[in-house]
Every structure is written in structure tokens, then in C-alpha cells.
Amino acid sequence: VIAIVTLFVVTGFALIGYFALFEAFMNGQTPGKRLLRVRVVNAQGFSLGFGQLILRNLFRLIDVIPVLWLVPLMSAKVQRFGDMVAGTLVVSEDT
């Protein structure tokens, strides 16, 4: 049981760290976001603050709950739950 809990905790932090570190040091982008020409910004359109970055990515741990996959479909700004809480948006770089 301890090994399973440890695995979940380590995997969760690795997942959060991947997104948080790339978004912090690549101006709101992960390699996938860069490829798709999108980035994460705060609701006013500026770069993410540290708190927003951490909060947004912590919510990835609960965004895996299948019922929450419907949240972006019902959101006016097509935001996942973590983006709503952190006040962030994923925007296209195309003008």
C-alpha cells in the first residue's frame, strides 16, 4: 500500500513539475503548446505569476476525474477547472 501511495505522489509531482517548469521558463508554453502555437497567460493576457502557475498545475491532480472533463465544454471561456481557479487562459499565438 505504501509503495502504491508513493508511486501516486511521485507521479503527481512529476506531472505538476513538468508543466510548471516548462510554463515558467518557456513563457507559458510546454513543448506541446509550442508545437500547437498556444500559450498560457493570466486572464488579463499577461505572463503567469508564480502563484497562478503552481495553482493551475496543482489542479491537474483533480482534473483527471472524468466528470471534470465536461467543465471546459460548459465554461464560457473553454477553461478547465484549474484555469478557472488560477485565473488563466490558454490562448492561440496566431493573430
# chains A, B, ... in the order shown; residues from 1 in each chain; ligands from 1
$ select_by_dssp --residues "segment 9-93 of chain A" --states "alpha helix (DSSP H)" --output "mmCIF file with all heavy atoms, in the first residue's frame"
data_model
loop_
_atom_site.group_PDB
_atom_site.id
_atom_site.type_symbol
_atom_site.label_atom_id
_atom_site.label_comp_id
_atom_site.auth_asym_id
_atom_site.auth_seq_id
_atom_site.Cartn_x
_atom_site.Cartn_y
_atom_site.Cartn_z
ATOM 1 N N VAL A 9 2.087 9.711 -5.496
ATOM 2 C CA VAL A 9 2.622 11.015 -5.085
ATOM 3 C C VAL A 9 3.768 11.441 -6.008
ATOM 4 O O VAL A 9 3.798 12.566 -6.506
ATOM 5 C CB VAL A 9 3.075 10.980 -3.607
ATOM 6 C CG1 VAL A 9 3.865 12.226 -3.246
ATOM 7 C CG2 VAL A 9 1.864 10.821 -2.700
ATOM 8 N N VAL A 10 4.698 10.534 -6.264
ATOM 9 C CA VAL A 10 5.838 10.845 -7.130
ATOM 10 C C VAL A 10 5.362 11.166 -8.551
ATOM 11 O O VAL A 10 5.810 12.138 -9.169
ATOM 12 C CB VAL A 10 6.865 9.687 -7.130
ATOM 13 C CG1 VAL A 10 7.910 9.864 -8.208
ATOM 14 C CG2 VAL A 10 7.518 9.590 -5.760
ATOM 15 N N THR A 11 4.435 10.369 -9.064
ATOM 16 C CA THR A 11 3.897 10.617 -10.404
ATOM 17 C C THR A 11 3.176 11.954 -10.465
ATOM 18 O O THR A 11 3.332 12.713 -11.422
ATOM 19 C CB THR A 11 2.935 9.475 -10.811
ATOM 20 O OG1 THR A 11 3.631 8.240 -10.738
ATOM 21 C CG2 THR A 11 2.409 9.685 -12.207
ATOM 22 N N GLY A 12 2.400 12.259 -9.438
ATOM 23 C CA GLY A 12 1.685 13.537 -9.393
ATOM 24 C C GLY A 12 2.624 14.721 -9.406
ATOM 25 O O GLY A 12 2.427 15.673 -10.162
ATOM 26 N N PHE A 13 3.665 14.670 -8.586
ATOM 27 C CA PHE A 13 4.611 15.774 -8.552
ATOM 28 C C PHE A 13 5.424 15.875 -9.838
ATOM 29 O O PHE A 13 5.764 16.969 -10.279
ATOM 30 C CB PHE A 13 5.515 15.692 -7.326
ATOM 31 C CG PHE A 13 4.851 16.183 -6.081
ATOM 32 C CD1 PHE A 13 4.519 15.304 -5.065
ATOM 33 C CD2 PHE A 13 4.532 17.522 -5.934
ATOM 34 C CE1 PHE A 13 3.887 15.747 -3.918
ATOM 35 C CE2 PHE A 13 3.895 17.981 -4.791
ATOM 36 C CZ PHE A 13 3.574 17.085 -3.782
ATOM 37 N N ALA A 14 5.717 14.735 -10.461
ATOM 38 C CA ALA A 14 6.426 14.765 -11.743
ATOM 39 C C ALA A 14 5.553 15.431 -12.803
ATOM 40 O O ALA A 14 6.028 16.246 -13.600
ATOM 41 C CB ALA A 14 6.819 13.355 -12.169
ATOM 42 N N LEU A 15 4.280 15.097 -12.804
ATOM 43 C CA LEU A 15 3.348 15.693 -13.767
ATOM 44 C C LEU A 15 3.239 17.197 -13.545
ATOM 45 O O LEU A 15 3.337 17.985 -14.487
ATOM 46 C CB LEU A 15 1.974 15.028 -13.621
ATOM 47 C CG LEU A 15 0.881 15.515 -14.556
ATOM 48 C CD1 LEU A 15 1.209 15.132 -15.994
ATOM 49 C CD2 LEU A 15 -0.458 14.928 -14.149
ATOM 50 N N ILE A 16 3.066 17.591 -12.295
ATOM 51 C CA ILE A 16 2.972 19.018 -11.973
ATOM 52 C C ILE A 16 4.274 19.721 -12.337
ATOM 53 O O ILE A 16 4.269 20.793 -12.934
ATOM 54 C CB ILE A 16 2.651 19.218 -10.481
ATOM 55 C CG1 ILE A 16 1.236 18.733 -10.186
ATOM 56 C CG2 ILE A 16 2.809 20.679 -10.076
ATOM 57 C CD1 ILE A 16 0.942 18.620 -8.710
ATOM 58 N N GLY A 17 5.400 19.119 -11.976
ATOM 59 C CA GLY A 17 6.700 19.725 -12.251
ATOM 60 C C GLY A 17 6.958 19.914 -13.730
ATOM 61 O O GLY A 17 7.468 20.957 -14.144
ATOM 62 N N TYR A 18 6.612 18.932 -14.542
ATOM 63 C CA TYR A 18 6.804 19.041 -15.992
ATOM 64 C C TYR A 18 6.111 20.287 -16.524
ATOM 65 O O TYR A 18 6.726 21.137 -17.166
ATOM 66 C CB TYR A 18 6.268 17.789 -16.704
ATOM 67 C CG TYR A 18 6.194 17.934 -18.199
ATOM 68 C CD1 TYR A 18 7.314 17.713 -18.985
ATOM 69 C CD2 TYR A 18 5.007 18.301 -18.824
ATOM 70 C CE1 TYR A 18 7.258 17.856 -20.365
ATOM 71 C CE2 TYR A 18 4.941 18.452 -20.199
ATOM 72 C CZ TYR A 18 6.063 18.222 -20.970
ATOM 73 O OH TYR A 18 6.003 18.381 -22.330
ATOM 74 N N PHE A 19 4.820 20.395 -16.266
ATOM 75 C CA PHE A 19 4.058 21.517 -16.794
ATOM 76 C C PHE A 19 4.505 22.835 -16.164
ATOM 77 O O PHE A 19 4.702 23.832 -16.863
ATOM 78 C CB PHE A 19 2.556 21.308 -16.571
ATOM 79 C CG PHE A 19 1.975 20.261 -17.472
ATOM 80 C CD1 PHE A 19 1.752 18.979 -17.020
ATOM 81 C CD2 PHE A 19 1.661 20.559 -18.794
ATOM 82 C CE1 PHE A 19 1.221 18.010 -17.854
ATOM 83 C CE2 PHE A 19 1.133 19.601 -19.633
ATOM 84 C CZ PHE A 19 0.907 18.316 -19.169
ATOM 85 N N ALA A 20 4.673 22.854 -14.852
ATOM 86 C CA ALA A 20 5.033 24.099 -14.162
ATOM 87 C C ALA A 20 6.398 24.615 -14.599
ATOM 88 O O ALA A 20 6.555 25.816 -14.868
ATOM 89 C CB ALA A 20 4.997 23.892 -12.651
ATOM 90 N N LEU A 21 7.378 23.740 -14.690
ATOM 91 C CA LEU A 21 8.720 24.194 -15.073
ATOM 92 C C LEU A 21 8.762 24.686 -16.521
ATOM 93 O O LEU A 21 9.328 25.746 -16.800
ATOM 94 C CB LEU A 21 9.747 23.086 -14.853
ATOM 95 C CG LEU A 21 10.066 22.787 -13.400
ATOM 96 C CD1 LEU A 21 10.966 21.565 -13.287
ATOM 97 C CD2 LEU A 21 10.715 23.991 -12.728
ATOM 98 N N PHE A 22 8.179 23.932 -17.425
ATOM 99 C CA PHE A 22 8.171 24.396 -18.811
ATOM 100 C C PHE A 22 7.400 25.703 -18.954
ATOM 101 O O PHE A 22 7.855 26.633 -19.618
ATOM 102 C CB PHE A 22 7.600 23.330 -19.756
ATOM 103 C CG PHE A 22 8.618 22.360 -20.249
ATOM 104 C CD1 PHE A 22 8.559 21.030 -19.875
ATOM 105 C CD2 PHE A 22 9.644 22.771 -21.093
ATOM 106 C CE1 PHE A 22 9.509 20.123 -20.332
ATOM 107 C CE2 PHE A 22 10.594 21.871 -21.555
ATOM 108 C CZ PHE A 22 10.527 20.542 -21.173
ATOM 109 N N GLU A 23 6.217 25.796 -18.332
ATOM 110 C CA GLU A 23 5.428 27.024 -18.457
ATOM 111 C C GLU A 23 6.131 28.209 -17.807
ATOM 112 O O GLU A 23 6.012 29.340 -18.277
ATOM 113 C CB GLU A 23 4.038 26.815 -17.865
ATOM 114 C CG GLU A 23 3.180 25.902 -18.718
ATOM 115 C CD GLU A 23 1.866 25.499 -18.079
ATOM 116 O OE1 GLU A 23 1.591 25.881 -16.930
ATOM 117 O OE2 GLU A 23 1.108 24.791 -18.756
ATOM 118 N N ALA A 24 6.885 27.959 -16.751
ATOM 119 C CA ALA A 24 7.608 29.043 -16.075
ATOM 120 C C ALA A 24 8.776 29.546 -16.913
ATOM 121 O O ALA A 24 9.005 30.756 -17.013
ATOM 122 C CB ALA A 24 8.107 28.576 -14.713
ATOM 123 N N PHE A 25 9.518 28.640 -17.527
ATOM 124 C CA PHE A 25 10.745 29.028 -18.214
ATOM 125 C C PHE A 25 10.612 29.163 -19.722
ATOM 126 O O PHE A 25 11.549 29.590 -20.390
ATOM 127 C CB PHE A 25 11.874 28.049 -17.863
ATOM 128 C CG PHE A 25 12.265 28.127 -16.419
ATOM 129 C CD1 PHE A 25 11.940 27.101 -15.545
ATOM 130 C CD2 PHE A 25 12.915 29.246 -15.917
ATOM 131 C CE1 PHE A 25 12.285 27.179 -14.195
ATOM 132 C CE2 PHE A 25 13.254 29.340 -14.579
ATOM 133 C CZ PHE A 25 12.941 28.304 -13.712
ATOM 134 N N PRO A 31 6.552 22.031 -24.518
ATOM 135 C CA PRO A 31 6.882 21.701 -25.914
ATOM 136 C C PRO A 31 5.635 21.445 -26.772
ATOM 137 O O PRO A 31 5.573 21.872 -27.925
ATOM 138 C CB PRO A 31 7.746 20.446 -25.782
ATOM 139 C CG PRO A 31 8.423 20.616 -24.459
ATOM 140 C CD PRO A 31 7.367 21.231 -23.580
ATOM 141 N N GLY A 32 4.626 20.796 -26.198
ATOM 142 C CA GLY A 32 3.393 20.552 -26.946
ATOM 143 C C GLY A 32 2.638 21.829 -27.264
ATOM 144 O O GLY A 32 2.123 22.001 -28.368
ATOM 145 N N LYS A 33 2.562 22.738 -26.300
ATOM 146 C CA LYS A 33 1.893 24.016 -26.541
ATOM 147 C C LYS A 33 2.647 24.825 -27.603
ATOM 148 O O LYS A 33 2.037 25.474 -28.449
ATOM 149 C CB LYS A 33 1.787 24.823 -25.249
ATOM 150 C CG LYS A 33 0.752 24.308 -24.272
ATOM 151 C CD LYS A 33 0.691 25.200 -23.036
ATOM 152 C CE LYS A 33 -0.291 24.681 -22.028
ATOM 153 N NZ LYS A 33 0.226 23.539 -21.262
ATOM 154 N N ARG A 34 3.965 24.770 -27.552
ATOM 155 C CA ARG A 34 4.762 25.488 -28.557
ATOM 156 C C ARG A 34 4.482 24.932 -29.949
ATOM 157 O O ARG A 34 4.304 25.681 -30.912
ATOM 158 C CB ARG A 34 6.250 25.402 -28.234
ATOM 159 C CG ARG A 34 7.097 26.151 -29.268
ATOM 160 C CD ARG A 34 8.493 26.343 -28.805
ATOM 161 N NE ARG A 34 8.458 27.447 -27.842
ATOM 162 C CZ ARG A 34 9.523 27.939 -27.244
ATOM 163 N NH1 ARG A 34 10.714 27.441 -27.472
ATOM 164 N NH2 ARG A 34 9.428 28.925 -26.394
ATOM 165 N N LEU A 35 4.425 23.613 -30.068
ATOM 166 C CA LEU A 35 4.134 22.971 -31.343
ATOM 167 C C LEU A 35 2.759 23.377 -31.865
ATOM 168 O O LEU A 35 2.584 23.624 -33.068
ATOM 169 C CB LEU A 35 4.210 21.446 -31.182
ATOM 170 C CG LEU A 35 4.012 20.611 -32.428
ATOM 171 C CD1 LEU A 35 5.179 20.815 -33.399
ATOM 172 C CD2 LEU A 35 3.902 19.136 -32.064
ATOM 173 N N LEU A 36 1.788 23.490 -30.961
ATOM 174 C CA LEU A 36 0.427 23.867 -31.353
ATOM 175 C C LEU A 36 0.220 25.381 -31.404
ATOM 176 O O LEU A 36 -0.872 25.842 -31.720
ATOM 177 C CB LEU A 36 -0.585 23.240 -30.393
ATOM 178 C CG LEU A 36 -0.661 21.721 -30.434
ATOM 179 C CD1 LEU A 36 -1.579 21.200 -29.341
ATOM 180 C CD2 LEU A 36 -1.125 21.240 -31.797
ATOM 181 N N PHE A 50 3.812 33.381 -10.355
ATOM 182 C CA PHE A 50 4.236 32.119 -9.764
ATOM 183 C C PHE A 50 3.075 31.399 -9.094
ATOM 184 O O PHE A 50 2.893 30.194 -9.264
ATOM 185 C CB PHE A 50 5.379 32.351 -8.759
ATOM 186 C CG PHE A 50 5.878 31.094 -8.136
ATOM 187 C CD1 PHE A 50 6.691 30.222 -8.858
ATOM 188 C CD2 PHE A 50 5.535 30.763 -6.833
ATOM 189 C CE1 PHE A 50 7.158 29.045 -8.287
ATOM 190 C CE2 PHE A 50 5.997 29.594 -6.250
ATOM 191 C CZ PHE A 50 6.807 28.734 -6.986
ATOM 192 N N GLY A 51 2.260 32.129 -8.342
ATOM 193 C CA GLY A 51 1.116 31.517 -7.664
ATOM 194 C C GLY A 51 0.116 30.927 -8.645
ATOM 195 O O GLY A 51 -0.411 29.834 -8.427
ATOM 196 N N GLN A 52 -0.152 31.652 -9.725
ATOM 197 C CA GLN A 52 -1.067 31.140 -10.745
ATOM 198 C C GLN A 52 -0.517 29.866 -11.375
ATOM 199 O O GLN A 52 -1.252 28.909 -11.620
ATOM 200 C CB GLN A 52 -1.278 32.180 -11.840
ATOM 201 C CG GLN A 52 -2.109 33.358 -11.415
ATOM 202 C CD GLN A 52 -2.206 34.373 -12.533
ATOM 203 O OE1 GLN A 52 -1.188 34.810 -13.062
ATOM 204 N NE2 GLN A 52 -3.419 34.727 -12.879
ATOM 205 N N LEU A 53 0.756 29.880 -11.638
ATOM 206 C CA LEU A 53 1.414 28.737 -12.263
ATOM 207 C C LEU A 53 1.288 27.484 -11.390
ATOM 208 O O LEU A 53 0.896 26.414 -11.860
ATOM 209 C CB LEU A 53 2.883 29.077 -12.495
ATOM 210 C CG LEU A 53 3.716 28.090 -13.246
ATOM 211 C CD1 LEU A 53 3.346 28.107 -14.719
ATOM 212 C CD2 LEU A 53 5.178 28.428 -13.084
ATOM 213 N N ILE A 54 1.580 27.627 -10.107
ATOM 214 C CA ILE A 54 1.508 26.490 -9.192
ATOM 215 C C ILE A 54 0.066 26.044 -8.990
ATOM 216 O O ILE A 54 -0.251 24.852 -9.086
ATOM 217 C CB ILE A 54 2.171 26.837 -7.839
ATOM 218 C CG1 ILE A 54 3.660 27.108 -8.037
ATOM 219 C CG2 ILE A 54 1.947 25.724 -6.825
ATOM 220 C CD1 ILE A 54 4.441 25.961 -8.650
ATOM 221 N N LEU A 55 -0.844 26.987 -8.751
ATOM 222 C CA LEU A 55 -2.244 26.653 -8.517
ATOM 223 C C LEU A 55 -2.851 25.946 -9.726
ATOM 224 O O LEU A 55 -3.510 24.913 -9.596
ATOM 225 C CB LEU A 55 -3.024 27.926 -8.186
ATOM 226 C CG LEU A 55 -4.461 27.762 -7.749
ATOM 227 C CD1 LEU A 55 -4.549 26.901 -6.491
ATOM 228 C CD2 LEU A 55 -5.084 29.130 -7.498
ATOM 229 N N ARG A 56 -2.615 26.475 -10.909
ATOM 230 C CA ARG A 56 -3.132 25.890 -12.147
ATOM 231 C C ARG A 56 -2.669 24.444 -12.296
ATOM 232 O O ARG A 56 -3.442 23.567 -12.660
ATOM 233 C CB ARG A 56 -2.633 26.743 -13.318
ATOM 234 C CG ARG A 56 -2.824 26.150 -14.649
ATOM 235 C CD ARG A 56 -2.298 27.082 -15.737
ATOM 236 N NE ARG A 56 -2.973 26.760 -16.961
ATOM 237 C CZ ARG A 56 -2.601 25.754 -17.754
ATOM 238 N NH1 ARG A 56 -1.546 25.037 -17.454
ATOM 239 N NH2 ARG A 56 -3.281 25.472 -18.836
ATOM 240 N N ASN A 57 -1.410 24.205 -12.010
ATOM 241 C CA ASN A 57 -0.869 22.868 -12.204
ATOM 242 C C ASN A 57 -1.191 21.914 -11.057
ATOM 243 O O ASN A 57 -1.273 20.709 -11.274
ATOM 244 C CB ASN A 57 0.627 22.949 -12.491
ATOM 245 C CG ASN A 57 0.856 23.448 -13.899
ATOM 246 O OD1 ASN A 57 0.492 22.784 -14.862
ATOM 247 N ND2 ASN A 57 1.415 24.636 -14.038
ATOM 248 N N LEU A 58 -1.405 22.417 -9.856
ATOM 249 C CA LEU A 58 -1.855 21.550 -8.764
ATOM 250 C C LEU A 58 -3.220 20.950 -9.080
ATOM 251 O O LEU A 58 -3.499 19.805 -8.734
ATOM 252 C CB LEU A 58 -1.923 22.322 -7.440
ATOM 253 C CG LEU A 58 -0.617 22.475 -6.694
ATOM 254 C CD1 LEU A 58 -0.819 23.368 -5.469
ATOM 255 C CD2 LEU A 58 -0.066 21.126 -6.266
ATOM 256 N N ARG A 60 -4.223 19.886 -11.781
ATOM 257 C CA ARG A 60 -4.116 18.752 -12.711
ATOM 258 C C ARG A 60 -4.403 17.440 -11.992
ATOM 259 O O ARG A 60 -4.877 16.487 -12.602
ATOM 260 C CB ARG A 60 -2.724 18.694 -13.330
ATOM 261 C CG ARG A 60 -2.482 19.752 -14.337
ATOM 262 C CD ARG A 60 -1.150 19.574 -15.031
ATOM 263 N NE ARG A 60 -0.892 20.701 -15.896
ATOM 264 C CZ ARG A 60 -1.477 20.886 -17.084
ATOM 265 N NH1 ARG A 60 -2.327 19.996 -17.542
ATOM 266 N NH2 ARG A 60 -1.204 21.940 -17.801
ATOM 267 N N LEU A 61 -4.102 17.421 -10.688
ATOM 268 C CA LEU A 61 -4.324 16.200 -9.913
ATOM 269 C C LEU A 61 -5.803 15.842 -9.808
ATOM 270 O O LEU A 61 -6.156 14.669 -9.726
ATOM 271 C CB LEU A 61 -3.714 16.333 -8.517
ATOM 272 C CG LEU A 61 -2.201 16.500 -8.483
ATOM 273 C CD1 LEU A 61 -1.731 16.759 -7.061
ATOM 274 C CD2 LEU A 61 -1.518 15.284 -9.077
ATOM 275 N N ILE A 62 -6.687 16.846 -9.801
ATOM 276 C CA ILE A 62 -8.117 16.535 -9.764
ATOM 277 C C ILE A 62 -8.764 16.631 -11.144
ATOM 278 O O ILE A 62 -9.856 16.121 -11.335
ATOM 279 C CB ILE A 62 -8.882 17.399 -8.734
ATOM 280 C CG1 ILE A 62 -8.889 18.862 -9.126
ATOM 281 C CG2 ILE A 62 -8.333 17.192 -7.348
ATOM 282 C CD1 ILE A 62 -9.916 19.661 -8.372
ATOM 283 N N ASP A 63 -8.093 17.269 -12.089
ATOM 284 C CA ASP A 63 -8.645 17.351 -13.443
ATOM 285 C C ASP A 63 -8.683 15.993 -14.142
ATOM 286 O O ASP A 63 -9.252 15.870 -15.218
ATOM 287 C CB ASP A 63 -7.847 18.342 -14.304
ATOM 288 C CG ASP A 63 -8.258 19.782 -14.052
ATOM 289 O OD1 ASP A 63 -9.354 20.005 -13.500
ATOM 290 O OD2 ASP A 63 -7.477 20.681 -14.420
ATOM 291 N N VAL A 71 -16.165 20.120 -17.747
ATOM 292 C CA VAL A 71 -16.089 21.524 -17.324
ATOM 293 C C VAL A 71 -15.738 22.461 -18.485
ATOM 294 O O VAL A 71 -16.430 23.465 -18.691
ATOM 295 C CB VAL A 71 -15.123 21.697 -16.129
ATOM 296 C CG1 VAL A 71 -14.859 23.163 -15.836
ATOM 297 C CG2 VAL A 71 -15.686 20.993 -14.904
ATOM 298 N N PRO A 72 -14.700 22.196 -19.290
ATOM 299 C CA PRO A 72 -14.397 23.118 -20.387
ATOM 300 C C PRO A 72 -15.541 23.251 -21.408
ATOM 301 O O PRO A 72 -15.717 24.307 -22.001
ATOM 302 C CB PRO A 72 -13.164 22.503 -21.052
ATOM 303 C CG PRO A 72 -12.543 21.672 -19.999
ATOM 304 C CD PRO A 72 -13.682 21.156 -19.177
ATOM 305 N N LEU A 73 -16.319 22.201 -21.572
ATOM 306 C CA LEU A 73 -17.439 22.261 -22.514
ATOM 307 C C LEU A 73 -18.547 23.180 -22.030
ATOM 308 O O LEU A 73 -19.293 23.742 -22.834
ATOM 309 C CB LEU A 73 -18.004 20.855 -22.747
ATOM 310 C CG LEU A 73 -17.027 19.824 -23.303
ATOM 311 C CD1 LEU A 73 -17.685 18.451 -23.353
ATOM 312 C CD2 LEU A 73 -16.526 20.237 -24.671
ATOM 313 N N MET A 74 -18.645 23.354 -20.712
ATOM 314 C CA MET A 74 -19.682 24.203 -20.133
ATOM 315 C C MET A 74 -19.166 25.591 -19.767
ATOM 316 O O MET A 74 -19.941 26.464 -19.419
ATOM 317 C CB MET A 74 -20.272 23.529 -18.896
ATOM 318 C CG MET A 74 -20.996 22.238 -19.224
ATOM 319 S SD MET A 74 -21.744 21.474 -17.794
ATOM 320 C CE MET A 74 -20.339 20.632 -17.074
ATOM 321 N N PHE A 81 -10.950 23.293 -15.072
ATOM 322 C CA PHE A 81 -11.175 23.725 -13.692
ATOM 323 C C PHE A 81 -9.951 24.449 -13.117
ATOM 324 O O PHE A 81 -10.075 25.493 -12.478
ATOM 325 C CB PHE A 81 -11.567 22.519 -12.839
ATOM 326 C CG PHE A 81 -12.107 22.863 -11.493
ATOM 327 C CD1 PHE A 81 -13.205 23.694 -11.349
ATOM 328 C CD2 PHE A 81 -11.515 22.363 -10.354
ATOM 329 C CE1 PHE A 81 -13.704 24.016 -10.115
ATOM 330 C CE2 PHE A 81 -12.013 22.670 -9.100
ATOM 331 C CZ PHE A 81 -13.107 23.500 -8.983
ATOM 332 N N GLY A 82 -8.752 23.929 -13.352
ATOM 333 C CA GLY A 82 -7.532 24.551 -12.849
ATOM 334 C C GLY A 82 -7.315 25.957 -13.390
ATOM 335 O O GLY A 82 -6.825 26.841 -12.689
ATOM 336 N N ASP A 83 -7.690 26.186 -14.651
ATOM 337 C CA ASP A 83 -7.566 27.532 -15.232
ATOM 338 C C ASP A 83 -8.558 28.507 -14.596
ATOM 339 O O ASP A 83 -8.245 29.676 -14.391
ATOM 340 C CB ASP A 83 -7.779 27.483 -16.746
ATOM 341 C CG ASP A 83 -6.601 26.875 -17.474
ATOM 342 O OD1 ASP A 83 -5.454 27.200 -17.122
ATOM 343 O OD2 ASP A 83 -6.823 26.081 -18.408
ATOM 344 N N MET A 84 -9.758 28.018 -14.311
ATOM 345 C CA MET A 84 -10.747 28.892 -13.667
ATOM 346 C C MET A 84 -10.270 29.339 -12.291
ATOM 347 O O MET A 84 -10.362 30.513 -11.951
ATOM 348 C CB MET A 84 -12.079 28.152 -13.524
ATOM 349 C CG MET A 84 -12.806 27.927 -14.805
ATOM 350 S SD MET A 84 -14.314 27.020 -14.424
ATOM 351 C CE MET A 84 -14.798 26.542 -16.058
ATOM 352 N N VAL A 85 -9.767 28.392 -11.509
ATOM 353 C CA VAL A 85 -9.315 28.697 -10.146
ATOM 354 C C VAL A 85 -8.116 29.644 -10.170
ATOM 355 O O VAL A 85 -8.040 30.580 -9.388
ATOM 356 C CB VAL A 85 -8.980 27.391 -9.387
ATOM 357 C CG1 VAL A 85 -8.329 27.685 -8.051
ATOM 358 C CG2 VAL A 85 -10.230 26.552 -9.206
ATOM 359 N N ALA A 86 -7.191 29.424 -11.099
ATOM 360 C CA ALA A 86 -5.969 30.222 -11.154
ATOM 361 C C ALA A 86 -6.143 31.519 -11.933
ATOM 362 O O ALA A 86 -5.277 32.382 -11.899
ATOM 363 C CB ALA A 86 -4.839 29.408 -11.788
#
$ select_by_dssp --residues "segment 17-63 of chain A" --states "strand (DSSP E)" --output "list in words"
Val38, Arg39, Val40, Val41 and Asn42 of chain A
$ closest_residue --among "A:Val90, A:Ile4, A:Val64, A:Met26" --to "Val78 of chain A" --atoms "only C-alpha atoms"
A:Val90
$ residues_around --residues "Gln44 of chain A" --least-positions-apart "4" --cutoff "9 Å" --atoms "only C-alpha atoms" --output "MDAnalysis selection string"
chainID A and resid 87:89
$ closest_residue --among "A:Val1, A:Ala43, A:Leu7, A:Val67" --to "Gln79 of chain A" --atoms "only C-alpha atoms"
A:Ala43
$ atom_distance --atom1 "atom CA of Gly45 of chain A" --atom2 "atom CA of Thr30 of chain A"
17.6 Å
$ closest_residue --among "A:Phe59, A:Phe8, A:Trp69, A:Phe46" --to "Val91 of chain A" --atoms "only C-alpha atoms"
A:Phe46
$ atom_distance --atom1 "atom CA of Gln29 of chain A" --atom2 "atom CA of Ser75 of chain A"
22.0 Å
